[in-house]
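> What follows is the file protein.pdb, containing PDB, C-alpha atoms and all ligand atoms:
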ATOM      1  CA  MET W   1      -2.047 -32.888  -1.564
ATOM      2  CA  SER W   2      -1.737 -33.552   2.182
ATOM      3  CA  LEU W   3      -0.539 -30.918   4.647
ATOM      4  CA  THR W   4       3.236 -30.525   5.068
ATOM      5  CA  VAL W   5       4.617 -29.555   8.442
ATOM      6  CA  LEU W   6       8.157 -28.648   9.486
ATOM      7  CA  VAL W   7       8.863 -29.145  13.200
ATOM      8  CA  THR W   8      12.125 -27.967  14.762
ATOM      9  CA  GLY W   9      13.576 -29.699  17.808
ATOM     10  CA  ALA W  10      11.592 -32.745  16.685
ATOM     11  CA  ALA W  11      13.904 -35.423  18.114
ATOM     12  CA  SER W  12      12.832 -35.037  21.740
ATOM     13  CA  GLY W  13      10.035 -34.105  24.125
ATOM     14  CA  ILE W  14       7.418 -31.680  22.826
ATOM     15  CA  GLY W  15       8.774 -31.529  19.260
ATOM     16  CA  ARG W  16       8.726 -35.293  18.976
ATOM     17  CA  ALA W  17       5.125 -35.384  20.232
ATOM     18  CA  ILE W  18       4.137 -32.701  17.695
ATOM     19  CA  ALA W  19       5.753 -34.638  14.840
ATOM     20  CA  SER W  20       4.060 -37.829  16.063
ATOM     21  CA  ARG W  21       0.660 -36.118  16.183
ATOM     22  CA  PHE W  22       0.887 -34.783  12.616
ATOM     23  CA  LEU W  23       2.116 -38.146  11.323
ATOM     24  CA  ALA W  24      -0.723 -39.931  13.145
ATOM     25  CA  GLU W  25      -3.148 -37.531  11.432
ATOM     26  CA  GLY W  26      -1.741 -38.607   8.050
ATOM     27  CA  LYS W  27       0.281 -35.439   7.341
ATOM     28  CA  ARG W  28       3.802 -35.102   5.917
ATOM     29  CA  VAL W  29       6.460 -34.054   8.383
ATOM     30  CA  ALA W  30       9.962 -32.641   8.087
ATOM     31  CA  ALA W  31      11.537 -33.392  11.475
ATOM     32  CA  VAL W  32      14.423 -30.984  12.056
ATOM     33  CA  ASP W  33      16.898 -31.237  14.913
ATOM     34  CA  ILE W  34      20.535 -30.517  15.680
ATOM     35  CA  ASP W  35      20.876 -34.102  16.977
ATOM     36  CA  ARG W  36      20.827 -36.500  14.007
ATOM     37  CA  ALA W  37      21.250 -39.642  16.138
ATOM     38  CA  ALA W  38      18.221 -38.700  18.272
ATOM     39  CA  LEU W  39      16.185 -38.134  15.104
ATOM     40  CA  GLU W  40      17.101 -41.614  13.878
ATOM     41  CA  ARG W  41      16.156 -43.092  17.276
ATOM     42  CA  ALA W  42      12.783 -41.329  17.142
ATOM     43  CA  ARG W  43      12.175 -42.741  13.665
ATOM     44  CA  GLN W  44      12.954 -46.281  14.856
ATOM     45  CA  GLU W  45      10.926 -46.020  18.056
ATOM     46  CA  SER W  46       7.893 -43.969  16.967
ATOM     47  CA  TRP W  47       7.805 -43.167  13.260
ATOM     48  CA  SER W  48       8.807 -46.431  11.575
ATOM     49  CA  ASP W  49       5.604 -46.674   9.520
ATOM     50  CA  ALA W  50       5.689 -43.072   8.218
ATOM     51  CA  GLY W  51       7.603 -44.021   5.050
ATOM     52  CA  GLU W  52       7.984 -41.176   2.551
ATOM     53  CA  ARG W  53       5.742 -38.878   4.592
ATOM     54  CA  LEU W  54       8.686 -38.311   6.932
ATOM     55  CA  LEU W  55      11.882 -36.390   6.187
ATOM     56  CA  LEU W  56      14.673 -36.174   8.777
ATOM     57  CA  LEU W  57      16.900 -33.112   8.591
ATOM     58  CA  ASP W  58      19.765 -32.227  10.897
ATOM     59  CA  ALA W  59      20.153 -28.488  11.227
ATOM     60  CA  ASP W  60      21.082 -25.894  13.818
ATOM     61  CA  VAL W  61      18.198 -23.413  13.687
ATOM     62  CA  ALA W  62      20.485 -20.635  14.930
ATOM     63  CA  GLN W  63      22.523 -20.748  11.692
ATOM     64  CA  PRO W  64      21.118 -18.811   8.700
ATOM     65  CA  ASP W  65      22.351 -21.275   6.052
ATOM     66  CA  ALA W  66      21.065 -24.270   7.987
ATOM     67  CA  ALA W  67      17.630 -22.691   8.451
ATOM     68  CA  GLU W  68      17.397 -21.841   4.732
ATOM     69  CA  ALA W  69      18.529 -25.343   3.786
ATOM     70  CA  ALA W  70      15.997 -27.009   6.100
ATOM     71  CA  VAL W  71      13.127 -25.130   4.450
ATOM     72  CA  ALA W  72      14.493 -25.691   0.932
ATOM     73  CA  GLU W  73      14.935 -29.447   1.538
ATOM     74  CA  THR W  74      11.395 -29.675   2.927
ATOM     75  CA  VAL W  75       9.891 -28.018  -0.153
ATOM     76  CA  LYS W  76      12.090 -30.049  -2.499
ATOM     77  CA  ASN W  77      11.288 -33.425  -0.910
ATOM     78  CA  LEU W  78       7.754 -32.972   0.420
ATOM     79  CA  GLY W  79       6.410 -30.531  -2.179
ATOM     80  CA  ARG W  80       5.405 -27.522  -0.074
ATOM     81  CA  LEU W  81       5.395 -26.046   3.425
ATOM     82  CA  ASP W  82       2.031 -25.407   5.059
ATOM     83  CA  VAL W  83       2.870 -25.306   8.754
ATOM     84  CA  LEU W  84       6.094 -24.273  10.483
ATOM     85  CA  VAL W  85       6.379 -25.213  14.152
ATOM     86  CA  ASN W  86       9.276 -23.438  15.859
ATOM     87  CA  ASN W  87       9.797 -25.671  18.851
ATOM     88  CA  ALA W  88      13.593 -26.020  19.261
ATOM     89  CA  GLY W  89      14.620 -24.315  22.473
ATOM     90  CA  ILE W  90      17.027 -24.464  25.385
ATOM     91  CA  THR W  91      16.920 -23.129  28.944
ATOM     92  CA  GLY W  92      20.610 -22.321  29.252
ATOM     93  CA  GLY W  93      23.334 -23.648  31.530
ATOM     94  CA  PRO W  94      22.538 -26.594  33.815
ATOM     95  CA  ARG W  95      22.344 -24.380  36.886
ATOM     96  CA  ALA W  96      19.770 -21.630  37.390
ATOM     97  CA  THR W  97      21.645 -18.355  37.978
ATOM     98  CA  LYS W  98      20.605 -14.841  38.849
ATOM     99  CA  LEU W  99      21.273 -12.298  36.116
ATOM    100  CA  HIS W 100      24.562 -10.956  37.549
ATOM    101  CA  GLU W 101      25.925 -14.533  37.602
ATOM    102  CA  THR W 102      24.799 -15.397  34.070
ATOM    103  CA  SER W 103      27.635 -15.476  31.565
ATOM    104  CA  VAL W 104      27.416 -13.460  28.376
ATOM    105  CA  GLU W 105      28.008 -16.707  26.445
ATOM    106  CA  ASP W 106      25.054 -18.379  28.134
ATOM    107  CA  PHE W 107      22.771 -15.396  27.456
ATOM    108  CA  ASP W 108      23.841 -15.268  23.798
ATOM    109  CA  HIS W 109      23.441 -19.014  23.324
ATOM    110  CA  VAL W 110      19.893 -19.048  24.749
ATOM    111  CA  CYS W 111      18.892 -16.076  22.592
ATOM    112  CA  ALA W 112      20.590 -17.563  19.513
ATOM    113  CA  VAL W 113      18.525 -20.756  19.660
ATOM    114  CA  ASN W 114      15.263 -19.448  21.146
ATOM    115  CA  VAL W 115      14.953 -16.068  19.369
ATOM    116  CA  ARG W 116      17.343 -15.943  16.416
ATOM    117  CA  GLY W 117      16.354 -19.527  15.572
ATOM    118  CA  VAL W 118      12.673 -18.588  15.377
ATOM    119  CA  PHE W 119      13.522 -15.474  13.345
ATOM    120  CA  LEU W 120      15.708 -17.416  10.902
ATOM    121  CA  MET W 121      13.235 -20.246  10.376
ATOM    122  CA  CYS W 122      10.384 -17.763   9.786
ATOM    123  CA  ARG W 123      12.586 -15.714   7.476
ATOM    124  CA  ALA W 124      13.299 -18.832   5.429
ATOM    125  CA  ALA W 125       9.700 -20.110   5.404
ATOM    126  CA  LEU W 126       7.724 -16.910   4.774
ATOM    127  CA  PRO W 127       8.712 -16.444   1.098
ATOM    128  CA  ARG W 128       7.334 -19.949   0.357
ATOM    129  CA  MET W 129       4.149 -19.217   2.288
ATOM    130  CA  LEU W 130       3.800 -15.899   0.431
ATOM    131  CA  ASP W 131       4.092 -17.771  -2.900
ATOM    132  CA  GLN W 132       1.411 -20.197  -1.714
ATOM    133  CA  LYS W 133      -0.708 -17.297  -0.345
ATOM    134  CA  CYS W 134      -1.287 -19.286   2.827
ATOM    135  CA  GLY W 135       0.593 -20.757   5.745
ATOM    136  CA  VAL W 136       0.576 -21.218   9.481
ATOM    137  CA  ILE W 137       3.370 -20.633  11.968
ATOM    138  CA  VAL W 138       3.187 -21.901  15.536
ATOM    139  CA  ASN W 139       5.923 -20.819  17.908
ATOM    140  CA  ILE W 140       6.499 -22.736  21.121
ATOM    141  CA  ALA W 141       7.058 -19.965  23.656
ATOM    142  CA  SER W 142       6.475 -20.614  27.370
ATOM    143  CA  VAL W 143       4.594 -19.247  30.361
ATOM    144  CA  ALA W 144       8.063 -17.839  31.094
ATOM    145  CA  GLY W 145       7.155 -15.326  28.380
ATOM    146  CA  PHE W 146       4.824 -13.586  30.846
ATOM    147  CA  VAL W 147       5.888 -14.763  34.310
ATOM    148  CA  ALA W 148       9.605 -14.913  35.085
ATOM    149  CA  PHE W 149      11.164 -18.251  36.072
ATOM    150  CA  PRO W 150      13.525 -17.772  39.030
ATOM    151  CA  GLY W 151      17.166 -17.880  37.963
ATOM    152  CA  ARG W 152      16.306 -18.019  34.247
ATOM    153  CA  ALA W 153      16.470 -14.396  33.068
ATOM    154  CA  ALA W 154      17.854 -15.247  29.633
ATOM    155  CA  TYR W 155      15.231 -17.938  29.062
ATOM    156  CA  SER W 156      12.346 -15.747  30.271
ATOM    157  CA  ALA W 157      13.553 -12.816  28.144
ATOM    158  CA  SER W 158      13.908 -15.069  25.109
ATOM    159  CA  LYS W 159      10.384 -16.414  25.440
ATOM    160  CA  GLY W 160       9.000 -12.866  25.820
ATOM    161  CA  ALA W 161      10.773 -12.068  22.555
ATOM    162  CA  VAL W 162       9.199 -15.121  20.902
ATOM    163  CA  MET W 163       5.757 -13.781  21.851
ATOM    164  CA  GLN W 164       6.572 -10.422  20.232
ATOM    165  CA  LEU W 165       7.944 -12.077  17.090
ATOM    166  CA  THR W 166       4.659 -13.998  16.962
ATOM    167  CA  ARG W 167       2.581 -10.823  17.156
ATOM    168  CA  SER W 168       4.798  -9.018  14.633
ATOM    169  CA  ILE W 169       4.372 -11.795  12.075
ATOM    170  CA  ALA W 170       0.608 -11.889  12.704
ATOM    171  CA  VAL W 171       0.373  -8.147  12.053
ATOM    172  CA  ASP W 172       2.603  -8.128   8.969
ATOM    173  CA  TYR W 173       1.216 -11.208   7.176
ATOM    174  CA  ALA W 174      -2.444 -11.594   8.213
ATOM    175  CA  ALA W 175      -3.666  -9.826   5.066
ATOM    176  CA  VAL W 176      -1.934 -12.366   2.834
ATOM    177  CA  GLY W 177      -3.427 -15.428   4.517
ATOM    178  CA  ILE W 178      -0.613 -16.349   6.886
ATOM    179  CA  ARG W 179      -1.410 -16.885  10.566
ATOM    180  CA  CYS W 180       1.096 -16.935  13.408
ATOM    181  CA  ASN W 181       0.340 -17.943  16.991
ATOM    182  CA  ALA W 182       2.267 -19.077  20.047
ATOM    183  CA  VAL W 183       1.724 -21.965  22.418
ATOM    184  CA  CYS W 184       2.876 -21.315  25.972
ATOM    185  CA  PRO W 185       3.443 -24.507  27.916
ATOM    186  CA  GLY W 186       3.829 -24.600  31.689
ATOM    187  CA  MET W 187       5.676 -27.509  33.307
ATOM    188  CA  ILE W 188       5.749 -30.395  30.844
ATOM    189  CA  ASP W 189       7.408 -33.767  31.440
ATOM    190  CA  THR W 190      10.171 -33.988  28.814
ATOM    191  CA  PRO W 191      13.934 -34.680  28.829
ATOM    192  CA  LEU W 192      14.357 -30.931  29.458
ATOM    193  CA  THR W 193      12.588 -31.176  32.827
ATOM    194  CA  HIS W 194      13.274 -34.835  33.767
ATOM    195  CA  TRP W 195      16.166 -33.990  36.086
ATOM    196  CA  ARG W 196      13.791 -31.962  38.258
ATOM    197  CA  LEU W 197      10.704 -34.158  37.993
ATOM    198  CA  GLU W 198      12.653 -37.352  38.727
ATOM    199  CA  GLN W 199      13.470 -36.058  42.221
ATOM    200  CA  PRO W 200      10.350 -36.669  44.365
ATOM    201  CA  GLU W 201      10.887 -33.609  46.540
ATOM    202  CA  LEU W 202      11.382 -31.259  43.600
ATOM    203  CA  ARG W 203       8.466 -32.835  41.719
ATOM    204  CA  ALA W 204       6.202 -32.290  44.738
ATOM    205  CA  GLN W 205       7.261 -28.609  44.898
ATOM    206  CA  VAL W 206       6.457 -28.164  41.216
ATOM    207  CA  VAL W 207       3.116 -29.971  41.354
ATOM    208  CA  GLU W 208       2.043 -28.042  44.435
ATOM    209  CA  ARG W 209       2.190 -24.816  42.399
ATOM    210  CA  ILE W 210      -0.009 -26.146  39.580
ATOM    211  CA  PRO W 211      -3.753 -25.716  40.212
ATOM    212  CA  GLN W 212      -4.566 -28.864  38.233
ATOM    213  CA  GLY W 213      -2.196 -30.820  40.497
ATOM    214  CA  GLU W 214      -0.156 -32.511  37.760
ATOM    215  CA  VAL W 215       2.540 -31.703  35.221
ATOM    216  CA  GLY W 216       1.518 -31.704  31.578
ATOM    217  CA  THR W 217       2.517 -34.114  28.837
ATOM    218  CA  ALA W 218       4.163 -33.365  25.524
ATOM    219  CA  ALA W 219       0.977 -34.665  23.891
ATOM    220  CA  ASP W 220      -1.013 -31.909  25.673
ATOM    221  CA  VAL W 221       1.131 -29.317  23.889
ATOM    222  CA  ALA W 222       0.892 -31.180  20.581
ATOM    223  CA  SER W 223      -2.918 -30.990  20.820
ATOM    224  CA  ALA W 224      -2.748 -27.191  21.082
ATOM    225  CA  VAL W 225      -0.398 -27.016  18.078
ATOM    226  CA  TRP W 226      -2.701 -29.284  16.088
ATOM    227  CA  PHE W 227      -5.663 -27.015  16.883
ATOM    228  CA  LEU W 228      -3.828 -23.782  15.964
ATOM    229  CA  SER W 229      -2.686 -25.319  12.671
ATOM    230  CA  GLY W 230      -6.148 -26.143  11.435
ATOM    231  CA  VAL W 231      -9.221 -24.326  10.118
ATOM    232  CA  ASP W 232     -10.901 -24.406  13.542
ATOM    233  CA  ALA W 233      -8.362 -21.712  14.486
ATOM    234  CA  ARG W 234      -8.846 -19.705  11.268
ATOM    235  CA  TYR W 235      -9.586 -16.458  13.165
ATOM    236  CA  MET W 236      -6.716 -16.837  15.662
ATOM    237  CA  ASN W 237      -3.705 -14.695  14.900
ATOM    238  CA  GLY W 238      -1.025 -13.299  17.187
ATOM    239  CA  SER W 239      -2.462 -15.165  20.161
ATOM    240  CA  ALA W 240      -0.727 -17.008  22.974
ATOM    241  CA  LEU W 241      -2.430 -20.281  23.860
ATOM    242  CA  VAL W 242      -1.494 -21.254  27.403
ATOM    243  CA  VAL W 243      -1.168 -24.972  28.239
ATOM    244  CA  ASP W 244      -0.177 -24.974  31.905
ATOM    245  CA  GLY W 245      -2.849 -26.555  34.119
ATOM    246  CA  GLY W 246      -3.587 -23.085  35.519
ATOM    247  CA  TYR W 247       0.008 -22.369  36.628
ATOM    248  CA  SER W 248       0.180 -18.796  35.321
ATOM    249  CA  SER W 249      -3.331 -17.880  36.482
ATOM    250  CA  ILE W 250      -2.422 -17.782  40.166
TER     251      ILE W 250
HETATM  252  N1  LIG W 301       9.333 -28.952  28.928
HETATM  253  C1  LIG W 301       8.760 -27.887  29.436
HETATM  254  O1  LIG W 301       8.317 -27.873  30.586
HETATM  255  C2  LIG W 301       8.602 -26.641  28.595
HETATM  256  C3  LIG W 301       7.835 -25.592  29.113
HETATM  257  C4  LIG W 301       7.672 -24.432  28.359
HETATM  258  C5  LIG W 301       8.247 -24.325  27.113
HETATM  259  N2  LIG W 301       8.983 -25.358  26.630
HETATM  260  C6  LIG W 301       9.578 -25.169  25.310
HETATM  261  O2  LIG W 301       9.241 -26.258  24.478
HETATM  262  C7  LIG W 301      10.283 -26.463  23.532
HETATM  263  C8  LIG W 301      10.707 -27.918  23.550
HETATM  264  O3  LIG W 301      11.133 -28.247  24.851
HETATM  265  P1  LIG W 301      11.308 -29.755  25.347
HETATM  266  O4  LIG W 301      10.924 -29.758  26.772
HETATM  267  O5  LIG W 301      10.658 -30.686  24.406
HETATM  268  O6  LIG W 301      12.905 -29.869  25.274
HETATM  269  P2  LIG W 301      13.875 -31.083  24.854
HETATM  270  O7  LIG W 301      15.201 -30.718  25.390
HETATM  271  O8  LIG W 301      13.258 -32.393  25.241
HETATM  272  O9  LIG W 301      13.889 -31.011  23.261
HETATM  273  C9  LIG W 301      14.447 -29.921  22.569
HETATM  274  C10 LIG W 301      14.960 -30.403  21.227
HETATM  275  O10 LIG W 301      15.492 -29.263  20.533
HETATM  276  C11 LIG W 301      16.706 -29.644  19.916
HETATM  277  N3  LIG W 301      17.557 -28.475  19.725
HETATM  278  C12 LIG W 301      18.241 -27.773  20.663
HETATM  279  N4  LIG W 301      18.943 -26.784  20.090
HETATM  280  C13 LIG W 301      18.715 -26.860  18.758
HETATM  281  C14 LIG W 301      19.171 -26.114  17.640
HETATM  282  N5  LIG W 301      20.040 -25.091  17.781
HETATM  283  N6  LIG W 301      18.733 -26.463  16.408
HETATM  284  C15 LIG W 301      17.862 -27.498  16.245
HETATM  285  N7  LIG W 301      17.399 -28.242  17.270
HETATM  286  C16 LIG W 301      17.831 -27.935  18.508
HETATM  287  C17 LIG W 301      17.328 -30.652  20.883
HETATM  288  O11 LIG W 301      18.312 -31.458  20.241
HETATM  289  C18 LIG W 301      16.102 -31.426  21.338
HETATM  290  O12 LIG W 301      15.860 -32.535  20.491
HETATM  291  C19 LIG W 301      11.394 -25.473  23.884
HETATM  292  O13 LIG W 301      11.277 -24.324  23.067
HETATM  293  C20 LIG W 301      11.098 -25.135  25.325
HETATM  294  O14 LIG W 301      11.582 -23.862  25.690
HETATM  295  C21 LIG W 301       9.184 -26.509  27.334
END
Please, can you express the file's structure as structure tokens?

Amino acid sequence: MSLTVLVTGAASGIGRAIASRFLAEGKRVAAVDIDRAALERARQESWSDAGERLLLLDADVAQPDAAEAAVAETVKNLGRLDVLVNNAGITGGPRATKLHETSVEDFDHVCAVNVRGVFLMCRAALPRMLDQKCGVIVNIASVAGFVAFPGRAAYSASKGAVMQLTRSIAVDYAAVGIRCNAVCPGMIDTPLTHWRLEQPELRAQVVERIPQGEVGTAADVASAVWFLSGVDARYMNGSALVVDGGYSSI
């Protein structure tokens, strides 16, 4: 039976590229997103030949019932769950703000999606993986998990928490054949970052800080997820794979 992968935040940017990569490799994909219309658009534009290997599910990963249902629907329709990719994430309000200007609502919302969402999806998926005695989890964290992004305290804190959830799962489940790793992208060109990268001056400022001299693509991140999901990464557990063109090495 072919590998089954659940990708959250699959309707856009990095998640969409991850879903596309697994589909192109012949795997079965449950594409989960809070935005049903965007999922349908992605199917029309990129996944039209996937047929029954693709399942679209609208769910808010921050809601316990929705997370449980997404995993249950995946197992029911696609047979099993081999790889969970926790990619859904938000940066917070449109404007970067220092901590004392950040609203409690904004902080809670960022943590609800980026941390609670990862916790809930793992909590729903792990019992299935335990039954199967194998499974892989890949969490999309960020270089903001180890270097702070100016004006994004909630986001940076949330991604640090994702790294620690990753290590905790690695420690608690390694002995039963479940691996958990994080991918930490730097600046990647997606709808999340378009507003900045579309402005030549801002783009130049960003690129200047990246040793490789270019922003990354969503496909670059998908390649790292593909690697961590497979047997070539069989001895990787609790690690953070950085995909940032050298940004965090300065
Ligand atoms: N783009 C970058 O430069 C960059 C860098 C580092 C880390 N990341 C991380 O990569 C991940 C994907 O980012 P992206 O750039 O592709 O963003 P994006 O905004 O293009 O896509 C995010 C997707 O997640 C979905 N989503 C948001 N909240 C959700 C929820 N509660 N439940 C289910 N789905 C939800 C959105 O509808 C959207 O389709 C995020 O975790 C982000 O923090 C991105």
> Write out as a PyMOL selection string which residues come within 12 Å of Glu105 (chain W) when counting all atoms listed in the file, dropping same-chain ones fewer than 5 positions away.
chain W and resi 92-93+110-112+154
> Can you turn the PyMOL selection byres (((not hetatm)) within 6 of (chain W and resi 301)) into a concrete residue list for this file, as number ranges by chain?
W: 8-15, 33-35, 59-62, 87-90, 113, 140-142, 185-193
> May I ask which of the residues W:Gly135, W:Pro150, W:Pro211, W:Gly26 is the closest one to Ser229 (chain W), counting only C-alpha atoms?
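Looking at the shortest contact to Ser229 (chain W), the residue is W:Gly135.
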> Ranking W:Ile137, W:Ala72, W:Ala204, W:Val104 by minimum distance to Trp226 (chain W) and counting only C-alpha atoms, which one comes first?
W:Ile137
> When you look at region 143-146 of chain W with a cut-off of 9 Å (counting only C-alpha atoms), what residues show up, excluding the ones that are within fewer than 4 positions of it in the same chain? I need them as an MDAnalysis selection string.
chainID W and resid 152 155:163 183:187 242:244 247:248
> I'd like the contact shell of Ser2 (chain W) - 12 Å cut-off, only C-alpha atoms, skipping same-chain residues fewer than 6 positions apart - returned as a PyMOL selection string.
chain W and resi 22-23+25-29+53+78-83
> Do you know which residues the PyMOL selection byres (((chain W and resi 43-50) around 10) and not hetatm) returns on this file, as a compact mmCIF listing (two decimals) with C-alpha atoms, keeping the file's coordinate frame?

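What follows is the written file out.txt:
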# COMPACT_ATOMS: atom_id res chain seq x y z
CA ALA W 11 13.90 -35.42 18.11
CA ARG W 16 8.73 -35.29 18.98
CA ALA W 17 5.12 -35.38 20.23
CA ALA W 19 5.75 -34.64 14.84
CA SER W 20 4.06 -37.83 16.06
CA LEU W 23 2.12 -38.15 11.32
CA ALA W 24 -0.72 -39.93 13.14
CA GLY W 26 -1.74 -38.61 8.05
CA LYS W 27 0.28 -35.44 7.34
CA ARG W 28 3.80 -35.10 5.92
CA VAL W 29 6.46 -34.05 8.38
CA ALA W 31 11.54 -33.39 11.48
CA ALA W 37 21.25 -39.64 16.14
CA ALA W 38 18.22 -38.70 18.27
CA LEU W 39 16.18 -38.13 15.10
CA GLU W 40 17.10 -41.61 13.88
CA ARG W 41 16.16 -43.09 17.28
CA ALA W 42 12.78 -41.33 17.14
CA GLY W 51 7.60 -44.02 5.05
CA GLU W 52 7.98 -41.18 2.55
CA ARG W 53 5.74 -38.88 4.59
CA LEU W 54 8.69 -38.31 6.93
CA LEU W 55 11.88 -36.39 6.19
CA LEU W 56 14.67 -36.17 8.78
> Rounded to one decimal, what separation in Å do you get between CA of Leu84 (chain W) and CA of Val136 (chain W)?
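So the answer is 6.4 Å.
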> Quick one: of W:Met236, W:Ile250, W:Ala174, W:Leu165, who's nearest to Val115 (chain W), counting all atoms listed in the file?
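For Val115 (chain W), the nearest of the candidates is W:Leu165.
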> Provide the CA of Asp131 (chain W) to CA of Arg167 (chain W) distance in Å, to one decimal place.
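Atom-to-atom, CA of Asp131 (chain W) and CA of Arg167 (chain W) are spaced 21.3 Å apart.
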> I want to know what sits within 8 Å of Ile169 (chain W), based on all atoms listed in the file, with residues of the same chain fewer than 5 positions away left out; could you give that as a PyMOL selection string?
chain W and resi 174+179-180+238
> When you count all atoms listed in the file, which of these residues is closest to His194 (chain W): W:Val215, W:Ala240, W:Ala175, W:Val7?
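That would be W:Val215, the residue with the smallest distance to His194 (chain W).
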> Let me know the residues the PyMOL selection byres (((chain W and resi 219) around 8) and not hetatm) catches in the file above, as a PDB file with C-alpha atoms, keeping the file's coordinate frame.

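Below is the file that was written, selection-v4.pdb:
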ATOM      1  CA  ILE W  14       7.418 -31.680  22.826  1.00  0.00           C
ATOM      2  CA  ALA W  17       5.125 -35.384  20.232  1.00  0.00           C
ATOM      3  CA  ILE W  18       4.137 -32.701  17.695  1.00  0.00           C
ATOM      4  CA  ARG W  21       0.660 -36.118  16.183  1.00  0.00           C
ATOM      5  CA  THR W 217       2.517 -34.114  28.837  1.00  0.00           C
ATOM      6  CA  ALA W 218       4.163 -33.365  25.524  1.00  0.00           C
ATOM      7  CA  ASP W 220      -1.013 -31.909  25.673  1.00  0.00           C
ATOM      8  CA  VAL W 221       1.131 -29.317  23.889  1.00  0.00           C
ATOM      9  CA  ALA W 222       0.892 -31.180  20.581  1.00  0.00           C
ATOM     10  CA  SER W 223      -2.918 -30.990  20.820  1.00  0.00           C
TER      11      SER W 223
END
> Given 4 Å of margin on each side, can you work out the centre and size in Å (one decimal) of an axis-aligned box holding every listed atom of region 215-233 of chain W, as JSON?

{"center_x": -3.4, "center_y": -28.2, "center_z": 22.7, "size_x": 23.1, "size_y": 21.0, "size_z": 33.1}
> If you measure from CA of Leu126 (chain W) to CA of Asp232 (chain W), what distance in Å do you get, rounded to one decimal?
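Calculated distance between CA of Leu126 (chain W) and CA of Asp232 (chain W) is 21.9 Å.
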> Of the candidates W:Asp106, W:Glu198, W:Asp172, W:Glu68, which shows the shortest atom-to-atom distance to Asn237 (chain W), using only C-alpha atoms?
W:Asp172
> N, CA and C atoms are what I want for region 113-125 of chain W; can you complete it accordingly and write them as an mmCIF file, keeping the file's coordinate frame?

data_model
loop_
_atom_site.group_PDB
_atom_site.id
_atom_site.type_symbol
_atom_site.label_atom_id
_atom_site.label_comp_id
_atom_site.auth_asym_id
_atom_site.auth_seq_id
_atom_site.Cartn_x
_atom_site.Cartn_y
_atom_site.Cartn_z
ATOM 1 N N VAL W 113 19.421 -19.629 20.005
ATOM 2 C CA VAL W 113 18.525 -20.756 19.660
ATOM 3 C C VAL W 113 17.061 -20.311 19.752
ATOM 4 N N ASN W 114 16.686 -19.693 20.874
ATOM 5 C CA ASN W 114 15.263 -19.448 21.146
ATOM 6 C C ASN W 114 14.673 -18.274 20.364
ATOM 7 N N VAL W 115 15.496 -17.254 20.056
ATOM 8 C CA VAL W 115 14.953 -16.068 19.369
ATOM 9 C C VAL W 115 15.454 -15.999 17.918
ATOM 10 N N ARG W 116 16.788 -15.991 17.777
ATOM 11 C CA ARG W 116 17.343 -15.943 16.416
ATOM 12 C C ARG W 116 16.888 -17.151 15.604
ATOM 13 N N GLY W 117 16.799 -18.313 16.260
ATOM 14 C CA GLY W 117 16.354 -19.527 15.572
ATOM 15 C C GLY W 117 14.940 -19.373 15.026
ATOM 16 N N VAL W 118 14.055 -18.801 15.830
ATOM 17 C CA VAL W 118 12.673 -18.588 15.377
ATOM 18 C C VAL W 118 12.664 -17.572 14.227
ATOM 19 N N PHE W 119 13.423 -16.492 14.401
ATOM 20 C CA PHE W 119 13.522 -15.474 13.345
ATOM 21 C C PHE W 119 14.029 -16.081 12.035
ATOM 22 N N LEU W 120 15.100 -16.861 12.125
ATOM 23 C CA LEU W 120 15.708 -17.416 10.902
ATOM 24 C C LEU W 120 14.786 -18.417 10.211
ATOM 25 N N MET W 121 14.132 -19.259 10.996
ATOM 26 C CA MET W 121 13.235 -20.246 10.376
ATOM 27 C C MET W 121 12.041 -19.535 9.720
ATOM 28 N N CYS W 122 11.506 -18.514 10.380
ATOM 29 C CA CYS W 122 10.384 -17.763 9.786
ATOM 30 C C CYS W 122 10.857 -17.023 8.529
ATOM 31 N N ARG W 123 12.030 -16.462 8.610
ATOM 32 C CA ARG W 123 12.586 -15.714 7.476
ATOM 33 C C ARG W 123 12.757 -16.623 6.260
ATOM 34 N N ALA W 124 13.127 -17.875 6.526
ATOM 35 C CA ALA W 124 13.299 -18.832 5.429
ATOM 36 C C ALA W 124 11.951 -19.321 4.897
ATOM 37 N N ALA W 125 10.983 -19.501 5.800
ATOM 38 C CA ALA W 125 9.700 -20.110 5.404
ATOM 39 C C ALA W 125 8.724 -19.115 4.774
#
